[in-house]
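**Q** Coordinates in coords.txt, compact mmCIF, C-alpha atoms, are listed below.
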# COMPACT_ATOMS: atom_id res chain seq x y z
CA MET A 153 -37.27 18.51 -6.95
CA VAL A 154 -37.00 15.63 -4.51
CA ASN A 155 -39.29 12.74 -5.39
CA TYR A 156 -40.34 11.05 -2.18
CA CYS A 157 -41.79 8.02 -3.94
CA THR A 158 -38.80 6.81 -6.01
CA PRO A 159 -35.95 5.26 -4.05
CA PRO A 160 -32.46 6.07 -5.32
CA PRO A 161 -30.75 3.33 -7.34
CA ALA A 162 -28.66 0.79 -5.47
CA PRO A 163 -24.87 1.26 -5.56
CA PRO A 164 -23.35 -0.35 -8.66
CA ALA A 165 -22.28 -3.96 -8.29
CA ARG A 166 -18.75 -4.25 -6.94
CA PRO A 167 -16.48 -7.28 -7.13
CA GLU A 168 -17.60 -8.85 -3.88
CA ALA A 169 -14.59 -11.10 -3.42
CA ASP A 170 -12.26 -8.09 -3.52
CA LEU A 171 -14.22 -6.07 -0.98
CA ASP A 172 -14.35 -9.10 1.32
CA ALA A 173 -10.56 -9.42 1.21
CA ILE A 174 -9.99 -5.67 1.44
CA PHE A 175 -12.20 -5.09 4.48
CA ARG A 176 -10.87 -8.24 6.17
CA ALA A 177 -7.31 -6.99 5.65
CA LEU A 178 -8.22 -3.59 7.12
CA ALA A 179 -9.73 -5.16 10.25
CA HIS A 180 -6.41 -5.36 12.13
CA PRO A 181 -4.61 -2.42 13.75
CA ALA A 182 -1.13 -3.65 12.78
CA ARG A 183 -2.13 -3.88 9.11
CA ARG A 184 -3.67 -0.41 9.21
CA THR A 185 -0.47 0.96 10.79
CA MET A 186 1.53 -0.71 8.00
CA LEU A 187 -0.69 0.89 5.34
CA GLU A 188 -0.33 4.32 7.00
CA ARG A 189 3.46 3.86 6.88
CA LEU A 190 3.32 2.73 3.23
CA GLY A 191 1.19 5.76 2.39
CA ARG A 192 4.36 7.78 3.00
CA GLY A 193 6.49 5.60 0.73
CA GLU A 194 7.89 2.13 0.10
CA ALA A 195 9.24 0.21 3.09
CA THR A 196 11.03 -3.06 3.73
CA VAL A 197 9.70 -5.75 6.06
CA GLY A 198 12.20 -4.57 8.70
CA GLU A 199 11.05 -0.97 8.40
CA LEU A 200 7.44 -2.05 8.82
CA ALA A 201 8.24 -4.33 11.75
CA GLY A 202 10.23 -1.77 13.80
CA PRO A 203 7.50 0.66 14.91
CA LEU A 204 5.11 -2.23 15.58
CA GLY A 205 7.54 -4.02 17.89
CA MET A 206 6.90 -7.18 15.88
CA SER A 207 9.19 -9.86 14.53
CA ALA A 208 9.80 -10.00 10.78
CA PRO A 209 7.92 -13.34 10.48
CA ALA A 210 4.87 -11.86 12.24
CA VAL A 211 4.93 -8.86 9.89
CA THR A 212 5.37 -11.18 6.90
CA LYS A 213 2.06 -12.88 7.77
CA HIS A 214 0.29 -9.51 7.77
CA ILE A 215 1.99 -8.60 4.48
CA ARG A 216 0.53 -11.76 2.96
CA VAL A 217 -3.00 -10.73 4.01
CA LEU A 218 -2.50 -7.24 2.58
CA ALA A 219 -1.03 -8.63 -0.65
CA ARG A 220 -3.94 -11.09 -1.08
CA ALA A 221 -6.29 -8.09 -0.88
CA LYS A 222 -4.04 -6.38 -3.45
CA LEU A 223 -3.59 -3.47 -1.01
CA ILE A 224 0.18 -3.78 -1.42
CA THR A 225 2.67 -5.27 -3.83
CA GLN A 226 6.13 -6.46 -2.94
CA GLY A 227 9.20 -6.01 -5.12
CA ARG A 228 10.53 -9.29 -6.54
CA HIS A 229 13.99 -8.34 -7.65
CA ALA A 230 15.42 -6.05 -4.99
CA ARG A 231 17.26 -7.75 -2.15
CA TRP A 232 14.96 -6.34 0.56
CA ARG A 233 11.71 -6.76 -1.38
CA PRO A 234 10.24 -3.36 -0.47
CA CYS A 235 6.48 -3.16 -0.03
CA ARG A 236 4.47 -0.60 -1.92
CA LEU A 237 0.93 0.65 -1.32
CA GLU A 238 -1.59 0.10 -4.13
CA GLU A 239 -4.24 2.76 -4.05
CA ALA A 240 -7.00 1.15 -6.17
CA PRO A 241 -8.38 -1.21 -3.47
CA LEU A 242 -8.49 1.67 -0.96
CA ARG A 243 -10.45 3.63 -3.55
CA SER A 244 -12.90 0.72 -4.07
CA ALA A 245 -13.52 0.43 -0.33
CA SER A 246 -13.91 4.19 0.01
CA TYR A 247 -16.28 4.24 -2.97
CA TRP A 248 -18.53 1.59 -1.44
CA LEU A 249 -18.70 3.44 1.90
CA GLU A 250 -19.48 6.74 0.20
CA GLU A 251 -22.23 5.12 -1.89
CA VAL A 252 -24.01 3.89 1.24
CA ARG A 253 -23.56 7.30 2.87
CA ARG A 254 -25.04 8.93 -0.26
CA LEU A 255 -28.07 6.61 -0.07
CA TRP A 256 -28.45 7.61 3.57
CA ASP A 257 -28.16 11.33 2.86
CA ALA A 258 -30.66 11.05 -0.02
CA ARG A 259 -33.09 9.33 2.35
CA LEU A 260 -32.72 12.14 4.89
CA ASP A 261 -33.32 14.71 2.11
CA ARG A 262 -36.50 12.90 1.07
CA LEU A 263 -37.71 12.72 4.66
CA GLU A 264 -37.05 16.42 5.12
CA ALA A 265 -38.91 17.28 1.90
CA HIS A 266 -41.81 15.07 2.99
CA LEU A 267 -42.00 16.77 6.40
CA GLN A 268 -41.90 20.20 4.76
CA SER A 269 -44.73 19.25 2.39
CA MET A 270 -46.78 18.12 5.42
CA ALA A 271 -46.07 21.44 7.19
CA THR A 272 -47.36 23.46 4.19
CA PRO A 273 -50.39 21.41 3.01
CA GLU A 274 -51.94 24.19 0.90
CA GLU A 275 -48.87 24.18 -1.38
CA GLY A 276 -48.01 20.53 -1.08
CA ASN A 277 -51.50 19.22 -1.88
CA ARG A 278 -52.16 21.38 -4.90
CA ASP A 279 -49.24 20.50 -7.15
CA ASP A 280 -47.37 17.67 -5.46
CA GLU A 281 -49.87 14.90 -4.93
CA PRO A 282 -48.08 11.91 -3.38
CA CYS A 283 -47.78 9.05 -5.81
CA GLU A 284 -49.47 5.78 -4.86
CA MET Y 242 5.88 24.99 -2.03
CA VAL Y 243 6.25 21.26 -1.54
CA ASN Y 244 8.94 20.35 1.00
CA TYR Y 245 10.47 17.06 -0.09
CA CYS Y 246 12.23 16.48 3.23
CA THR Y 247 9.34 16.71 5.70
CA PRO Y 248 6.92 13.80 5.64
CA PRO Y 249 3.26 14.70 6.19
CA PRO Y 250 1.88 13.99 9.67
CA ALA Y 251 0.41 10.56 10.36
CA PRO Y 252 -3.38 10.29 10.40
CA PRO Y 253 -4.84 11.17 13.81
CA ALA Y 254 -5.24 8.29 16.21
CA ARG Y 255 -8.59 6.55 15.77
CA PRO Y 256 -10.31 4.23 18.23
CA GLU Y 257 -8.71 1.01 17.03
CA ALA Y 258 -11.24 -1.34 18.58
CA ASP Y 259 -14.05 0.34 16.64
CA LEU Y 260 -12.28 0.23 13.28
CA ASP Y 261 -11.46 -3.44 13.85
CA ALA Y 262 -15.12 -4.23 14.44
CA ILE Y 263 -16.32 -1.97 11.63
CA PHE Y 264 -14.02 -3.38 8.94
CA ARG Y 265 -14.66 -6.95 10.13
CA ALA Y 266 -18.41 -6.34 9.84
CA LEU Y 267 -17.99 -4.94 6.33
CA ALA Y 268 -16.02 -7.98 5.17
CA HIS Y 269 -19.09 -10.05 4.24
CA PRO Y 270 -21.25 -9.54 1.14
CA ALA Y 271 -24.53 -10.27 2.96
CA ARG Y 272 -23.78 -7.64 5.60
CA ARG Y 273 -22.86 -5.08 2.92
CA THR Y 274 -26.13 -5.85 1.07
CA MET Y 275 -28.00 -5.33 4.36
CA LEU Y 276 -26.30 -1.96 4.87
CA GLU Y 277 -27.13 -0.90 1.29
CA ARG Y 278 -30.77 -1.76 2.00
CA LEU Y 279 -30.72 0.10 5.32
CA GLY Y 280 -29.20 3.12 3.58
CA ARG Y 281 -32.63 3.51 1.93
CA GLY Y 282 -34.52 3.29 5.22
CA GLU Y 283 -35.33 1.15 8.24
CA ALA Y 284 -36.10 -2.52 7.65
CA THR Y 285 -37.27 -5.49 9.67
CA VAL Y 286 -35.33 -8.76 9.91
CA GLY Y 287 -37.79 -10.27 7.42
CA GLU Y 288 -37.30 -7.42 4.95
CA LEU Y 289 -33.53 -7.84 5.17
CA ALA Y 290 -33.72 -11.63 4.84
CA GLY Y 291 -35.95 -11.69 1.73
CA PRO Y 292 -33.59 -10.39 -0.99
CA LEU Y 293 -30.72 -12.40 0.47
CA GLY Y 294 -32.63 -15.68 0.34
CA MET Y 295 -31.59 -16.27 3.94
CA SER Y 296 -33.49 -17.52 6.95
CA ALA Y 297 -34.34 -15.02 9.69
CA PRO Y 298 -31.94 -16.74 12.16
CA ALA Y 299 -29.05 -16.46 9.67
CA VAL Y 300 -29.80 -12.77 9.15
CA THR Y 301 -30.07 -12.27 12.91
CA LYS Y 302 -26.46 -13.47 13.28
CA HIS Y 303 -25.29 -10.89 10.73
CA ILE Y 304 -27.37 -8.21 12.49
CA ARG Y 305 -25.51 -9.00 15.70
CA VAL Y 306 -22.13 -8.46 13.98
CA LEU Y 307 -23.33 -5.15 12.49
CA ALA Y 308 -24.77 -4.03 15.85
CA ARG Y 309 -21.53 -4.86 17.71
CA ALA Y 310 -19.70 -2.59 15.23
CA LYS Y 311 -22.42 0.04 15.95
CA LEU Y 312 -23.17 0.16 12.20
CA ILE Y 313 -26.85 -0.42 12.98
CA THR Y 314 -29.22 -0.12 15.90
CA GLN Y 315 -32.36 -2.15 16.38
CA GLY Y 316 -35.63 -0.81 17.80
CA ARG Y 317 -36.48 -2.26 21.21
CA HIS Y 318 -40.14 -1.45 21.56
CA ALA Y 319 -41.71 -2.03 18.17
CA ARG Y 320 -43.00 -5.55 17.57
CA TRP Y 321 -40.79 -6.14 14.53
CA ARG Y 322 -37.69 -4.43 15.93
CA PRO Y 323 -36.75 -2.55 12.75
CA CYS Y 324 -33.04 -2.09 12.03
CA ARG Y 325 -31.65 1.36 11.35
CA LEU Y 326 -28.34 2.37 9.79
CA GLU Y 327 -25.99 4.44 11.95
CA GLU Y 328 -23.83 6.65 9.81
CA ALA Y 329 -21.01 7.55 12.24
CA PRO Y 330 -19.03 4.27 11.95
CA LEU Y 331 -19.24 4.45 8.13
CA ARG Y 332 -17.84 7.96 8.39
CA SER Y 333 -14.97 6.81 10.66
CA ALA Y 334 -14.02 4.03 8.22
CA SER Y 335 -14.26 6.40 5.27
CA TYR Y 336 -12.17 8.98 7.12
CA TRP Y 337 -9.39 6.48 7.79
CA LEU Y 338 -9.30 5.36 4.13
CA GLU Y 339 -9.22 8.96 2.90
CA GLU Y 340 -6.38 9.82 5.30
CA VAL Y 341 -4.19 7.05 3.87
CA ARG Y 342 -5.11 8.13 0.32
CA ARG Y 343 -4.16 11.71 1.22
CA LEU Y 344 -0.77 10.52 2.52
CA TRP Y 345 -0.31 8.66 -0.76
CA ASP Y 346 -1.29 11.66 -2.90
CA ALA Y 347 1.02 13.94 -0.89
CA ARG Y 348 3.86 11.49 -1.48
CA LEU Y 349 3.21 11.51 -5.23
CA ASP Y 350 3.18 15.33 -5.19
CA ARG Y 351 6.55 15.39 -3.38
CA LEU Y 352 8.01 12.89 -5.83
CA GLU Y 353 6.79 14.96 -8.77
CA ALA Y 354 8.25 18.15 -7.30
CA HIS Y 355 11.54 16.34 -6.68
CA LEU Y 356 11.69 15.06 -10.26
CA GLN Y 357 10.91 18.54 -11.58
CA SER Y 358 13.70 20.07 -9.47
CA MET Y 359 16.12 17.44 -10.88
CA ALA Y 360 15.00 18.28 -14.42
CA THR Y 361 15.79 21.98 -13.91
CA PRO Y 362 19.05 21.88 -11.88
CA GLU Y 363 20.08 25.50 -12.52
CA GLU Y 364 16.94 26.73 -10.73
CA GLY Y 365 16.61 23.90 -8.23
CA ASN Y 366 20.20 24.13 -6.96
CA ARG Y 367 20.30 27.89 -6.48
CA ASP Y 368 17.35 28.46 -4.16
CA ASP Y 369 16.02 25.06 -3.16
CA GLU Y 370 18.94 23.23 -1.61
CA PRO Y 371 17.74 19.85 -0.34
CA CYS Y 372 17.70 19.75 3.46
CA GLU Y 373 19.90 17.19 5.22
Would you mind giving the structure from this file in structure tokens?

**A**
Amino acid sequence: MVNYCTPPPAPPARPEADLDAIFRALAHPARRTMLERLGRGEATVGELAGPLGMSAPAVTKHIRVLARAKLITQGRHARWRPCRLEEAPLRSASYWLEEVRRLWDARLDRLEAHLQSMATPEEGNRDDEPCE
Amino acid sequence: MVNYCTPPPAPPARPEADLDAIFRALAHPARRTMLERLGRGEATVGELAGPLGMSAPAVTKHIRVLARAKLITQGRHARWRPCRLEEAPLRSASYWLEEVRRLWDARLDRLEAHLQSMATPEEGNRDDEPCE
């Protein structure tokens, strides 16, 4: 049964610094394009730069932002230092968004239940007295 | 059957300007706290400011960033102009993140299938010749 009087718990605390860096890194179309490319497999700086029509130094700056947010790692030993997507930060961001959407859906469910109880007062008032 | 040679399609094009604004708006802990609060229902500027220990003018600046990203709308006629969460931009951001995660999972599946075909060469080489 939906309880109209008890709000759902807040989403669990997340490491704020990480989400700041993650969302900031995602707020640029070039970086999102790079992540989409890396979703399909490792890529060198040159391979990331090509489709974007960017110079390697420009792409390197974006790589640094993505790496600071831990969205990618870069090989240290290979000559071309291929970049690799790290899924965990994407999952954290996705988790936060879904938690807020769940809160929102739960609120809509409570509103709907409340409206239904108002539409059928003879049932609603007998057993489901609103809490004060 | 997993085809190791054909990469999965790229995520569908999204309105880049919106995702820029959405992710930028999400990249601040105060704005995320405000969205978590609004997930539970409408709130006035004062109600949003309280738990953050912020002044109303400081919160108003954050509200403007959230409103530009269309993550919230603000009532125009009520005296206290309550803020309301808008779910669609959260859904767009979540959709983009899930698309990249799906690319990543599909890549892992292809890698696994490839490794399995290498481990059983007598079967893999007869019927599943790698495409060129």

**Q** Rank nothing, just name the residue among A:Arg254, A:Thr272, A:Ala201, A:His266 nearest to chain Y, using all atoms listed in the file.

**A**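 Of A:Arg254, A:Thr272, A:Ala201, A:His266, the one nearest chain Y is A:Arg254, counting all atoms listed in the file.
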
**Q** My list of candidates is A:Leu249, A:Leu242, A:Val211, A:Val217. Which is closest to Leu267 of chain Y when distances are computed with only C-alpha atoms?

**A** A:Leu249

**Q** Would you place a box with edges along x, y and z of the file around all atoms of segment 259-262 of chain Y listed there, add 6 Å to each of its six sides, and report the centre and edge lengths in Å to one decimal, as lines of an AutoDock Vina configuration file?

**A**
center_x = -13.3
center_y = -1.9
center_z = 15.0
size_x = 15.7
size_y = 16.6
size_z = 15.4

**Q** Dig up all the protein and nucleic acid residues within 10 Å of (-4.9, -0.8, 8.2) in the file frame, using all atoms listed in the file, and format them as a list in words.

**A**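 Counting all atoms listed in the file, I find these residues within 10 Å of (-4.9, -0.8, 8.2): Ile174, Phe175, Arg176, Ala177, Leu178, Ala179, His180, Pro181, Ala182, Arg183, Arg184, Thr185, Met186, Leu187, Glu188, Arg189, Leu218 and Leu223 of chain A; Glu257, Leu260, Asp261, Phe264, Trp337, Leu338 and Val341 of chain Y.
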
**Q** For a quick check of understanding, using all atoms listed in the file, which of A:Pro209, A:Gly227, A:Gly191, A:Gly198 has the smallest distance to Glu239 of chain A?

**A**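 Closest to Glu239 of chain A, using all atoms listed in the file: A:Gly191.
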
**Q** Would you work out the distance separating atom CA of Glu251 of chain A from atom CA of Arg192 of chain A, expressed in Å to one decimal?

**A** 27.2 Å

**Q** Distance atom CA of Gly193 of chain A-atom CA of Trp232 of chain A, one decimal place?

**A**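 Atom CA of Trp232 of chain A lies 14.6 Å from atom CA of Gly193 of chain A.
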
**Q** Give me, as a PyMOL selection string, all polymer residues having an atom no more than 6 Å from Arg325 of chain Y, counting only C-alpha atoms and skipping those fewer than 2 positions away in the same chain.

**A** chain Y and resi 283+313-314

**Q** Could those selected residues go to a file with C-alpha atoms, as a short mmCIF file (atom, residue, chain, number, x, y, z; two decimals), in the frame of the given file?

**A**
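Contents of selection28.cif, as written:
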data_model
loop_
_atom_site.label_atom_id
_atom_site.label_comp_id
_atom_site.auth_asym_id
_atom_site.auth_seq_id
_atom_site.Cartn_x
_atom_site.Cartn_y
_atom_site.Cartn_z
CA GLU Y 283 -35.33 1.15 8.24
CA ILE Y 313 -26.85 -0.42 12.98
CA THR Y 314 -29.22 -0.12 15.90
#

**Q** Rank nothing, just name the residue among A:Thr196, A:Ala173, A:Arg262, A:Asp257 nearest to Arg220 of chain A, using all atoms listed in the file.

**A**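 Among A:Thr196, A:Ala173, A:Arg262, A:Asp257, it is A:Ala173 that comes nearest to Arg220 of chain A.
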
**Q** Please determine, counting all atoms listed in the file, which residue among A:Leu204, A:Leu260, A:Ala219, A:Ala210 has the shortest atom-to-atom distance to chain Y.

**A**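 Ranked by minimum distance to chain Y, first place goes to A:Leu260.
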